[in-house]
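Asks: Got a structure for you, upload_4.txt, holding compact mmCIF, C-alpha atoms.
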# COMPACT_ATOMS: atom_id res chain seq x y z
CA MET A 232 -3.78 -20.71 16.45
CA GLN A 233 -6.91 -21.45 14.47
CA GLN A 234 -8.55 -18.99 16.82
CA SER A 235 -6.11 -16.22 15.88
CA VAL A 236 -6.76 -16.87 12.17
CA LEU A 237 -10.50 -16.65 12.83
CA ASN A 238 -9.92 -13.43 14.77
CA ILE A 239 -8.06 -11.89 11.83
CA ALA A 240 -10.96 -12.80 9.52
CA LYS A 241 -13.41 -11.32 12.03
CA GLU A 242 -11.33 -8.14 12.38
CA ARG A 243 -11.21 -7.80 8.59
CA ARG A 244 -14.98 -8.12 8.33
CA LYS A 245 -15.42 -5.51 11.06
CA LEU A 246 -13.10 -3.10 9.28
CA ILE A 247 -14.87 -3.55 5.92
CA ILE A 248 -18.23 -2.88 7.57
CA GLY A 249 -16.76 0.11 9.42
CA LEU A 250 -15.27 1.52 6.22
CA VAL A 251 -18.51 1.13 4.26
CA ALA A 252 -20.46 2.73 7.13
CA ALA A 253 -18.00 5.64 7.37
CA ILE A 254 -18.17 6.26 3.61
CA ILE A 255 -21.98 6.16 3.68
CA ILE A 256 -22.22 8.56 6.64
CA VAL A 257 -19.65 11.09 5.39
CA ASP A 258 -20.76 10.98 1.77
CA ALA A 259 -24.44 11.14 2.72
CA MET A 260 -23.74 14.49 4.39
CA VAL A 261 -22.03 15.71 1.23
CA PHE A 262 -24.83 14.39 -0.99
CA LEU A 263 -27.68 15.73 1.13
CA THR A 264 -26.18 19.22 1.33
CA ALA A 265 -25.32 19.38 -2.37
CA GLY A 266 -26.76 22.52 -3.93
CA SER A 267 -27.45 24.11 -0.53
CA ASP A 268 -25.75 27.10 1.12
CA ILE A 269 -23.55 24.82 3.22
CA GLU A 270 -22.36 22.65 0.33
CA GLU A 271 -18.87 24.14 0.39
CA TYR A 272 -18.62 23.69 4.16
CA THR A 273 -19.57 20.02 4.14
CA GLY A 274 -17.42 19.35 1.08
CA ASP A 275 -14.27 21.07 2.33
CA ILE A 276 -14.63 20.08 5.99
CA SER A 277 -15.36 16.45 5.14
CA ARG A 278 -12.29 16.18 2.90
CA ILE A 279 -10.04 17.89 5.45
CA GLY A 280 -11.47 15.69 8.22
CA THR A 281 -11.09 12.40 6.36
CA VAL A 282 -7.55 13.10 5.15
CA ALA A 283 -6.59 14.37 8.63
CA GLY A 284 -7.76 11.03 10.03
CA ALA A 285 -5.40 9.24 7.65
CA VAL A 286 -2.54 11.57 8.61
CA VAL A 287 -3.09 10.88 12.32
CA MET A 288 -3.07 7.12 11.73
CA SER A 289 0.08 7.31 9.61
CA VAL A 290 1.89 9.33 12.30
CA ILE A 291 0.88 6.73 14.93
CA ILE A 292 2.30 3.98 12.69
CA VAL A 293 5.58 5.80 12.08
CA SER A 294 6.01 6.47 15.81
CA ARG A 295 5.30 2.81 16.68
CA GLN A 296 7.16 1.21 13.82
CA LYS A 297 10.12 3.62 13.49
CA LEU A 298 11.93 3.79 10.16
CA SER A 299 13.66 0.44 9.83
CA GLY A 300 13.15 -1.91 6.93
CA LEU A 301 11.10 -1.80 3.75
CA PHE A 302 7.86 -1.06 5.59
CA GLY A 303 9.42 1.48 7.95
CA ARG A 304 10.56 3.61 5.02
CA ALA A 305 7.40 2.96 2.99
CA TYR A 306 5.06 4.08 5.78
CA LEU A 307 7.15 7.18 6.48
CA SER A 308 6.72 8.06 2.79
CA LEU A 309 3.00 7.41 3.04
CA ALA A 310 2.78 9.72 6.06
CA LEU A 311 4.64 12.46 4.16
CA GLY A 312 2.36 12.07 1.14
CA LEU A 313 -0.76 12.25 3.30
CA ALA A 314 0.60 15.32 5.15
CA LEU A 315 1.08 17.05 1.79
CA TRP A 316 -2.49 16.15 0.82
CA LEU A 317 -3.73 17.57 4.13
CA ALA A 318 -1.81 20.81 3.51
CA ALA A 319 -3.32 21.02 0.02
CA GLU A 320 -6.85 20.37 1.29
CA VAL A 321 -6.44 22.98 4.05
CA ILE A 322 -5.26 25.58 1.50
CA TRP A 323 -8.18 24.69 -0.76
CA GLY A 324 -10.56 25.02 2.17
CA TYR A 325 -8.98 28.32 3.22
CA TYR A 326 -9.67 29.84 -0.19
CA GLU A 327 -13.29 28.70 -0.21
CA LEU A 328 -14.26 29.00 3.44
CA GLY A 329 -11.74 31.53 4.78
CA LEU A 330 -11.48 33.95 1.88
CA GLY A 331 -14.85 33.10 0.36
CA VAL A 332 -13.45 32.83 -3.16
CA GLU A 333 -13.15 30.00 -5.62
CA THR A 334 -9.75 28.32 -5.40
CA PRO A 335 -7.64 29.56 -8.30
CA PHE A 336 -6.15 27.05 -10.70
CA PRO A 337 -3.27 26.56 -10.39
CA SER A 338 -2.84 27.44 -6.71
CA ILE A 339 -0.30 26.69 -3.96
CA ALA A 340 -2.43 23.64 -3.19
CA ASP A 341 -1.48 22.17 -6.57
CA GLY A 342 2.20 22.46 -5.56
CA PHE A 343 1.52 20.27 -2.51
CA TRP A 344 -0.54 17.79 -4.52
CA ILE A 345 2.10 17.48 -7.23
CA ALA A 346 4.87 17.13 -4.61
CA SER A 347 2.95 14.31 -2.91
CA TYR A 348 3.48 12.00 -5.89
CA VAL A 349 7.12 11.48 -4.88
CA PRO A 350 6.46 9.95 -1.42
CA PHE A 351 3.35 8.13 -2.66
CA GLY A 352 5.37 6.69 -5.53
CA TYR A 353 8.01 5.51 -3.09
CA HIS A 354 5.36 3.86 -0.94
CA LEU A 355 3.42 2.19 -3.74
CA PHE A 356 6.40 0.90 -5.70
CA GLY A 357 8.20 -0.08 -2.48
CA THR A 358 5.36 -2.13 -1.01
CA ALA A 359 4.51 -3.52 -4.46
CA LYS A 360 7.72 -5.57 -4.15
CA PHE A 361 6.04 -7.34 -1.23
CA PHE A 362 2.42 -7.47 -2.41
CA GLY A 363 3.21 -8.06 -6.05
CA LYS A 364 5.30 -11.23 -5.99
CA GLY A 365 3.94 -13.69 -8.49
CA VAL A 366 2.23 -11.17 -10.76
CA LYS A 367 2.50 -12.53 -14.30
CA LYS A 368 4.42 -10.58 -16.92
CA SER A 369 1.42 -10.84 -19.24
CA THR A 370 -0.76 -9.14 -16.60
CA ILE A 371 1.83 -6.37 -16.22
CA ALA A 372 1.87 -5.90 -20.00
CA VAL A 373 -1.94 -5.73 -20.23
CA VAL A 374 -2.25 -3.25 -17.34
CA CYS A 375 0.55 -1.04 -18.73
CA ALA A 376 -1.03 -1.05 -22.18
CA ALA A 377 -4.48 -0.23 -20.77
CA ALA A 378 -2.98 2.57 -18.66
CA ALA A 379 -1.15 4.03 -21.66
CA ILE A 380 -4.31 3.93 -23.80
CA PHE A 381 -6.35 5.55 -21.02
CA LEU A 382 -3.71 8.25 -20.57
CA TYR A 383 -3.54 8.98 -24.30
CA PHE A 384 -7.28 9.45 -24.65
CA TYR A 385 -7.60 11.32 -21.35
CA VAL A 386 -4.88 13.82 -22.23
CA GLN A 387 -6.39 14.25 -25.70
CA ALA A 388 -9.75 14.92 -24.05
CA ILE A 389 -8.21 17.42 -21.61
CA ILE A 390 -6.52 19.32 -24.44
CA GLY A 391 -9.70 19.14 -26.52
CA VAL A 392 -12.07 20.52 -23.90
CA SER A 393 -9.64 22.98 -22.32
CA GLU A 394 -11.14 26.45 -22.05
CA LEU A 395 -8.24 27.95 -20.16
CA GLU A 396 -7.26 31.43 -21.24
CA GLY A 397 -4.76 34.09 -20.23
CA PRO A 398 -1.03 34.16 -19.50
CA ASP A 399 -1.15 31.13 -17.18
CA ALA A 400 -3.17 28.99 -19.57
CA LEU A 401 -0.21 26.93 -20.70
CA VAL A 402 1.02 26.32 -17.14
CA SER A 403 -2.51 25.39 -16.09
CA LEU A 404 -2.83 22.96 -18.96
CA ALA A 405 0.59 21.47 -18.15
CA ILE A 406 -0.48 20.93 -14.53
CA SER A 407 -3.78 19.45 -15.70
CA ILE A 408 -1.83 16.97 -17.79
CA ALA A 409 0.75 16.30 -15.05
CA TYR A 410 -1.95 14.99 -12.67
CA PRO A 411 -3.20 12.16 -14.91
CA VAL A 412 0.34 11.28 -15.98
CA PHE A 413 1.48 10.84 -12.35
CA ASP A 414 -1.83 9.20 -11.40
CA VAL A 415 -1.51 6.64 -14.17
CA ILE A 416 2.14 5.88 -13.31
CA LEU A 417 1.05 5.05 -9.75
CA LEU A 418 -2.17 3.43 -10.93
CA ILE A 419 -0.19 0.65 -12.62
CA PRO A 420 1.19 -0.92 -9.39
CA ALA A 421 -2.16 -0.23 -7.68
CA VAL A 422 -4.16 -2.16 -10.27
CA LEU A 423 -1.57 -4.94 -10.41
CA MET A 424 -1.68 -5.36 -6.62
CA VAL A 425 -5.46 -5.53 -6.69
CA THR A 426 -5.31 -8.26 -9.36
CA ASN A 427 -2.89 -10.12 -7.07
CA ALA A 428 -5.08 -9.67 -3.96
CA GLY A 429 -7.02 -12.18 -1.89
CA LYS A 430 -4.01 -14.06 -0.56
CA GLY A 431 -2.70 -14.09 2.99
CA GLN A 432 -4.45 -13.42 6.29
CA LEU A 433 -2.82 -10.01 6.66
CA THR A 434 -2.51 -9.05 3.01
CA SER A 435 -5.70 -10.21 1.32
CA ILE A 436 -7.08 -6.67 0.97
CA PRO A 437 -4.59 -4.19 -0.51
CA TRP A 438 -6.29 -1.18 1.11
CA ILE A 439 -3.79 1.50 0.11
CA PHE A 440 -3.72 0.32 -3.50
CA ILE A 441 -7.53 0.34 -3.66
CA GLY A 442 -7.41 3.85 -2.20
CA TRP A 443 -5.05 4.92 -4.95
CA ILE A 444 -7.42 3.64 -7.64
CA LEU A 445 -10.21 5.73 -6.09
CA MET A 446 -7.82 8.70 -6.02
CA ALA A 447 -7.09 8.33 -9.73
CA ILE A 448 -10.84 8.25 -10.46
CA ALA A 449 -11.43 11.40 -8.38
CA ASP A 450 -8.48 13.20 -9.98
CA SER A 451 -9.68 12.29 -13.48
CA LEU A 452 -13.10 13.75 -12.75
CA LEU A 453 -11.60 16.88 -11.18
CA GLY A 454 -9.16 17.35 -14.05
CA ILE A 455 -11.95 17.61 -16.57
CA THR A 456 -13.92 20.08 -14.45
CA ALA A 457 -10.81 22.24 -13.91
CA VAL A 458 -9.93 22.69 -17.56
CA THR A 459 -13.52 23.16 -18.73
CA ASN A 460 -14.24 25.81 -16.08
CA PHE A 461 -17.15 23.56 -15.15
CA THR A 462 -19.60 25.31 -12.82
CA GLY A 463 -22.09 22.51 -12.16
CA GLU A 464 -22.37 20.10 -9.24
CA VAL A 465 -19.09 18.53 -8.17
CA PHE A 466 -20.30 16.81 -5.00
CA HIS A 467 -19.65 13.38 -6.55
CA ILE A 468 -15.95 14.29 -6.83
CA THR A 469 -15.83 15.25 -3.15
CA MET A 470 -17.58 11.98 -2.33
CA THR A 471 -14.91 10.04 -4.25
CA TYR A 472 -12.10 11.89 -2.47
CA ASN A 473 -13.73 11.14 0.89
CA ALA A 474 -13.96 7.45 -0.02
CA THR A 475 -10.28 7.57 -1.01
CA TYR A 476 -9.14 9.11 2.26
CA LEU A 477 -11.31 6.75 4.30
CA CYS A 478 -9.92 3.76 2.40
CA PHE A 479 -6.40 4.93 3.22
CA THR A 480 -7.41 5.30 6.87
CA ALA A 481 -8.85 1.78 6.90
CA GLY A 482 -5.61 0.44 5.45
CA LEU A 483 -3.60 2.28 8.06
CA LEU A 484 -5.85 1.01 10.87
CA TRP A 485 -5.40 -2.53 9.57
CA TYR A 486 -1.64 -2.15 9.34
CA ASN A 487 -1.41 -0.60 12.79
CA LYS A 488 -3.37 -3.43 14.39
CA GLN A 489 -2.32 -6.50 12.42
CA PHE A 490 1.20 -5.83 11.17
CA ILE A 491 2.46 -4.09 14.30
CA MET A 492 1.27 -6.38 17.03
CA ASP A 493 0.68 -5.17 20.54
CA GLU A 494 3.57 -5.96 22.91
CA LYS A 495 1.12 -7.64 25.32
CA LYS A 496 -0.07 -10.01 22.60
CA LEU A 497 3.51 -10.74 21.56
CA ALA A 498 4.36 -11.66 25.15
CA LYS A 499 1.59 -14.28 25.29
CA MET B 229 31.19 -25.95 2.78
CA MET B 230 28.54 -27.89 4.74
CA GLN B 231 30.05 -28.99 8.00
CA HIS B 232 27.13 -30.02 10.11
CA SER B 233 23.40 -30.04 9.54
CA VAL B 234 22.80 -28.32 12.91
CA ASP B 235 25.07 -25.52 11.75
CA ASN B 236 23.05 -25.35 8.54
CA VAL B 237 19.84 -25.02 10.51
CA ALA B 238 21.36 -22.17 12.52
CA ILE B 239 22.53 -20.47 9.34
CA LEU B 240 19.12 -20.96 7.72
CA ARG B 241 17.39 -19.56 10.80
CA GLN B 242 19.72 -16.57 10.72
CA ALA B 243 19.02 -16.05 7.01
CA ILE B 244 15.26 -16.23 7.62
CA ASP B 245 15.59 -13.74 10.50
CA SER B 246 17.60 -11.32 8.36
CA ALA B 247 15.11 -11.62 5.51
CA ILE B 248 12.12 -10.88 7.72
CA GLU B 249 14.03 -8.15 9.58
CA SER B 250 14.62 -6.39 6.27
CA LEU B 251 10.88 -5.66 6.20
CA GLY B 252 11.03 -3.88 9.55
CA GLY B 253 11.35 -4.68 13.25
CA PRO B 254 7.65 -4.84 14.20
CA ILE B 255 6.75 -7.07 11.23
CA HIS B 256 9.64 -9.32 12.16
CA LYS B 257 8.16 -9.69 15.64
CA THR B 258 4.67 -10.36 14.26
CA ILE B 259 5.81 -13.03 11.80
CA THR B 260 8.06 -14.66 14.41
CA TRP B 261 5.17 -14.72 16.90
CA TYR B 262 2.92 -16.34 14.29
CA MET B 263 5.55 -18.96 13.40
CA ASN B 264 6.20 -19.74 17.07
CA SER B 265 2.50 -20.18 17.71
CA LYS B 266 2.38 -22.60 14.77
CA GLY B 267 5.36 -24.49 16.19
CA VAL B 268 7.52 -23.80 13.14
CA PHE B 269 10.45 -22.49 15.18
CA SER B 270 9.88 -24.72 18.23
CA ASP B 271 12.85 -27.04 17.56
CA SER B 272 16.11 -25.09 17.42
CA LYS B 273 17.87 -28.04 15.74
CA LYS B 274 15.41 -28.39 12.91
CA ILE B 275 13.40 -26.18 10.56
CA ASP B 276 10.75 -27.60 8.28
CA ILE B 277 11.19 -25.17 5.41
CA ASP B 278 8.00 -26.39 3.68
CA SER B 279 5.96 -25.77 6.80
CA PHE B 280 7.61 -22.36 7.24
CA TYR B 281 6.79 -21.39 3.66
CA SER B 282 3.18 -22.60 3.76
CA ASN B 283 2.55 -20.79 7.05
CA LEU B 284 4.22 -17.67 5.71
CA LYS B 285 2.08 -17.86 2.58
CA GLU B 286 -1.02 -18.21 4.73
CA LEU B 287 -0.04 -15.11 6.70
CA VAL B 288 1.40 -12.68 4.14
CA GLY B 289 0.37 -14.19 0.79
CA PRO B 290 2.64 -13.06 -2.04
CA GLY B 291 5.05 -11.45 0.43
CA ALA B 292 6.15 -14.98 1.39
CA ASP B 293 8.02 -15.27 -1.91
CA LEU B 294 9.90 -12.03 -1.30
CA ILE B 295 10.98 -13.35 2.11
CA MET B 296 12.12 -16.64 0.57
CA GLU B 297 14.04 -14.74 -2.10
CA GLU B 298 15.76 -12.62 0.56
CA THR B 299 16.48 -15.74 2.63
CA TRP B 300 18.13 -17.38 -0.36
CA GLN B 301 20.22 -14.26 -1.00
CA HIS B 302 21.44 -14.34 2.62
CA LEU B 303 22.28 -18.04 2.27
CA GLN B 304 24.24 -17.33 -0.90
CA LYS B 305 26.28 -14.76 1.02
CA GLN B 306 27.02 -17.50 3.55
CA GLY B 307 28.47 -19.67 0.80
CA PHE B 308 25.45 -21.80 -0.06
CA ALA B 309 25.90 -21.30 -3.76
CA GLY B 310 27.49 -23.19 -6.58
CA HIS B 311 24.93 -25.99 -6.82
CA ASN B 312 23.41 -26.90 -10.12
CA PHE B 313 19.87 -25.65 -10.01
CA GLU B 314 17.20 -25.89 -12.64
CA PRO B 315 17.05 -22.51 -14.40
CA ARG B 316 13.51 -21.88 -13.15
CA SER B 317 14.06 -23.11 -9.59
CA SER B 318 12.28 -21.02 -7.00
CA PRO B 319 14.17 -19.78 -3.92
CA LEU B 320 12.23 -22.37 -1.89
CA GLU B 321 13.43 -25.18 -4.12
CA LYS B 322 17.02 -23.94 -3.91
CA ILE B 323 16.86 -23.75 -0.12
CA GLN B 324 15.30 -27.24 0.04
CA LYS B 325 18.09 -28.59 -2.13
CA VAL B 326 20.98 -27.11 -0.18
CA MET B 327 19.44 -28.19 3.12
CA LYS B 328 19.00 -31.76 1.86
CA ILE B 329 22.63 -31.84 0.77
CA GLY B 330 23.58 -30.53 4.21
CA GLU B 331 21.58 -33.26 5.93
CA SER B 332 23.21 -36.02 3.92
CA ALA B 333 26.73 -34.62 4.34
For the structure just supplied, provide its representation as structure tokens.
Replies:
Amino acid sequence: MQQSVLNIAKERRKLIIGLVAAIIIVDAMVFLTAGSDIEEYTGDISRIGTVAGAVVMSVIIVSRQKLSGLFGRAYLSLALGLALWLAAEVIWGYYELGLGVETPFPSIADGFWIASYVPFGYHLFGTAKFFGKGVKKSTIAVVCAAAAIFLYFYVQAIIGVSELEGPDALVSLAISIAYPVFDVILLIPAVLMVTNAGKGQLTSIPWIFIGWILMAIADSLLGITAVTNFTGEVFHITMTYNATYLCFTAGLLWYNKQFIMDEKKLAK
Amino acid sequence: MMQHSVDNVAILRQAIDSAIESLGGPIHKTITWYMNSKGVFSDSKKIDIDSFYSNLKELVGPGADLIMEETWQHLQKQGFAGHNFEPRSSPLEKIQKVMKIGESA
């Protein structure tokens, strides 16, 4: 048995190294092509590729695990959320690479991104019941207060720097505000689960929750650029999204291998 | 209420199974495999609830407390309620108490 515990620790180390290596490789391509003619290609293709990887893993999990129980439903929701992200990324990529135009804001892609908050919320709050046992009420209060303060100042900043004009300006601003509001709502369980991490052979790294924190960072950066009509380099935002999607994929790989054990191993 | 300690063990085992099953079938299999390999479920007439909890904690960390909570809820449905517990008793402590009473009955 001690051997199996050691194996889990070894597998975890391997996955961390693999994740870091994948982020370095993918993001190095984005970084090195920043400002070049192929910047849009590497940016869009890398994001579509990394989120597609997460979608594939989530579909494998749903097909192996089926829909029973807390985790069955939670991972179906995660798969739905990731599929919506993939659809949004593909639409975004189609505008830039297929049509050769800048993606309008708002676009159909925003509809998919906004819709994804429902299944992601179900997943994060659902699994938080499992990962979050023992979180102190004082910690919850501090994280909620910090999130509310961040949201207040962020929304103020968005409204302050907004340069949106025209008939859709109000809708665009509303969508720009909706993103951080939803992000922060889901950021609260994510941060709480990370503060409660480090316990349990299978659960010590809350991969999906870490991924969500990265997502909130990327969205915050993108939100500012969207409302300011920012035209400078945004490769760092793409790099953060890639890290997010890869972190989700790592979490799904971990879940697929460690939580859903192989029938052969179970028979031993 | 408590007829026989062996019955209680069977009921406790059933409650544990239901609690873990509520997470999902594959996780149930994984946790059961882990517990079997640790010898926790090796004796069908006896369950060391402390050993079960510590092994569960080692495997799934904070999730162990959710499983204990669910286990206690299942036991309550089976009629293991009505004892005087300290207001802040954890599900583990409640289960320990009712099992001890069952053993001495």
Asks: For chain B, report every residue with an atom at most 6 Å from chain A (counting all atoms listed in the file), formatted as an MDAnalysis selection string.
Replies: chainID B and resid 250:252 254:255 258 286:291
Asks: Would you put the residues from that selection into a file with C-alpha atoms, as a PDB file, in the coordinates of the input?
Replies:
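Output file out-v3.pdb follows:
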ATOM      1  CA  SER B 250      14.620  -6.390   6.270  1.00  0.00           C
ATOM      2  CA  LEU B 251      10.880  -5.660   6.200  1.00  0.00           C
ATOM      3  CA  GLY B 252      11.030  -3.880   9.550  1.00  0.00           C
ATOM      4  CA  PRO B 254       7.650  -4.840  14.200  1.00  0.00           C
ATOM      5  CA  ILE B 255       6.750  -7.070  11.230  1.00  0.00           C
ATOM      6  CA  THR B 258       4.670 -10.360  14.260  1.00  0.00           C
ATOM      7  CA  GLU B 286      -1.020 -18.210   4.730  1.00  0.00           C
ATOM      8  CA  LEU B 287      -0.040 -15.110   6.700  1.00  0.00           C
ATOM      9  CA  VAL B 288       1.400 -12.680   4.140  1.00  0.00           C
ATOM     10  CA  GLY B 289       0.370 -14.190   0.790  1.00  0.00           C
ATOM     11  CA  PRO B 290       2.640 -13.060  -2.040  1.00  0.00           C
ATOM     12  CA  GLY B 291       5.050 -11.450   0.430  1.00  0.00           C
TER      13      GLY B 291
END
Asks: Mind pulling up the distance from atom CA of Ile279 of chain A to atom CA of Asn460 of chain A?
Replies: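 According to the coordinates, atom CA of Asn460 of chain A and atom CA of Ile279 of chain A are separated by 23.3 Å.
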Asks: Give me the residues near segment 301-310 of chain B as a ChimeraX atom specification, where near means some atom within 10 Å (using only C-alpha atoms) and where sequence neighbours in that chain fewer than 2 positions away do not count.
Replies: /B:229-230,236,239-247,295-299,312-313,319,322-323,326-327,330
Asks: Could you check how far atom CA of Ser451 of chain A sits from atom CA of Ala372 of chain A, in Å to one decimal?
Replies: 22.5 Å
Asks: Do a neighbour search on Ala388 of chain A at 12 Å with all atoms listed in the file, toss out local chain neighbours closer than 5 positions, and write the hits as a list in words.
Replies: Phe381, Leu382, Tyr383, Ser393, Glu394, Leu404, Ser407, Ile408, Pro411, Ser451, Leu452, Gly454, Ile455, Thr456, Val458 and Thr459 of chain A
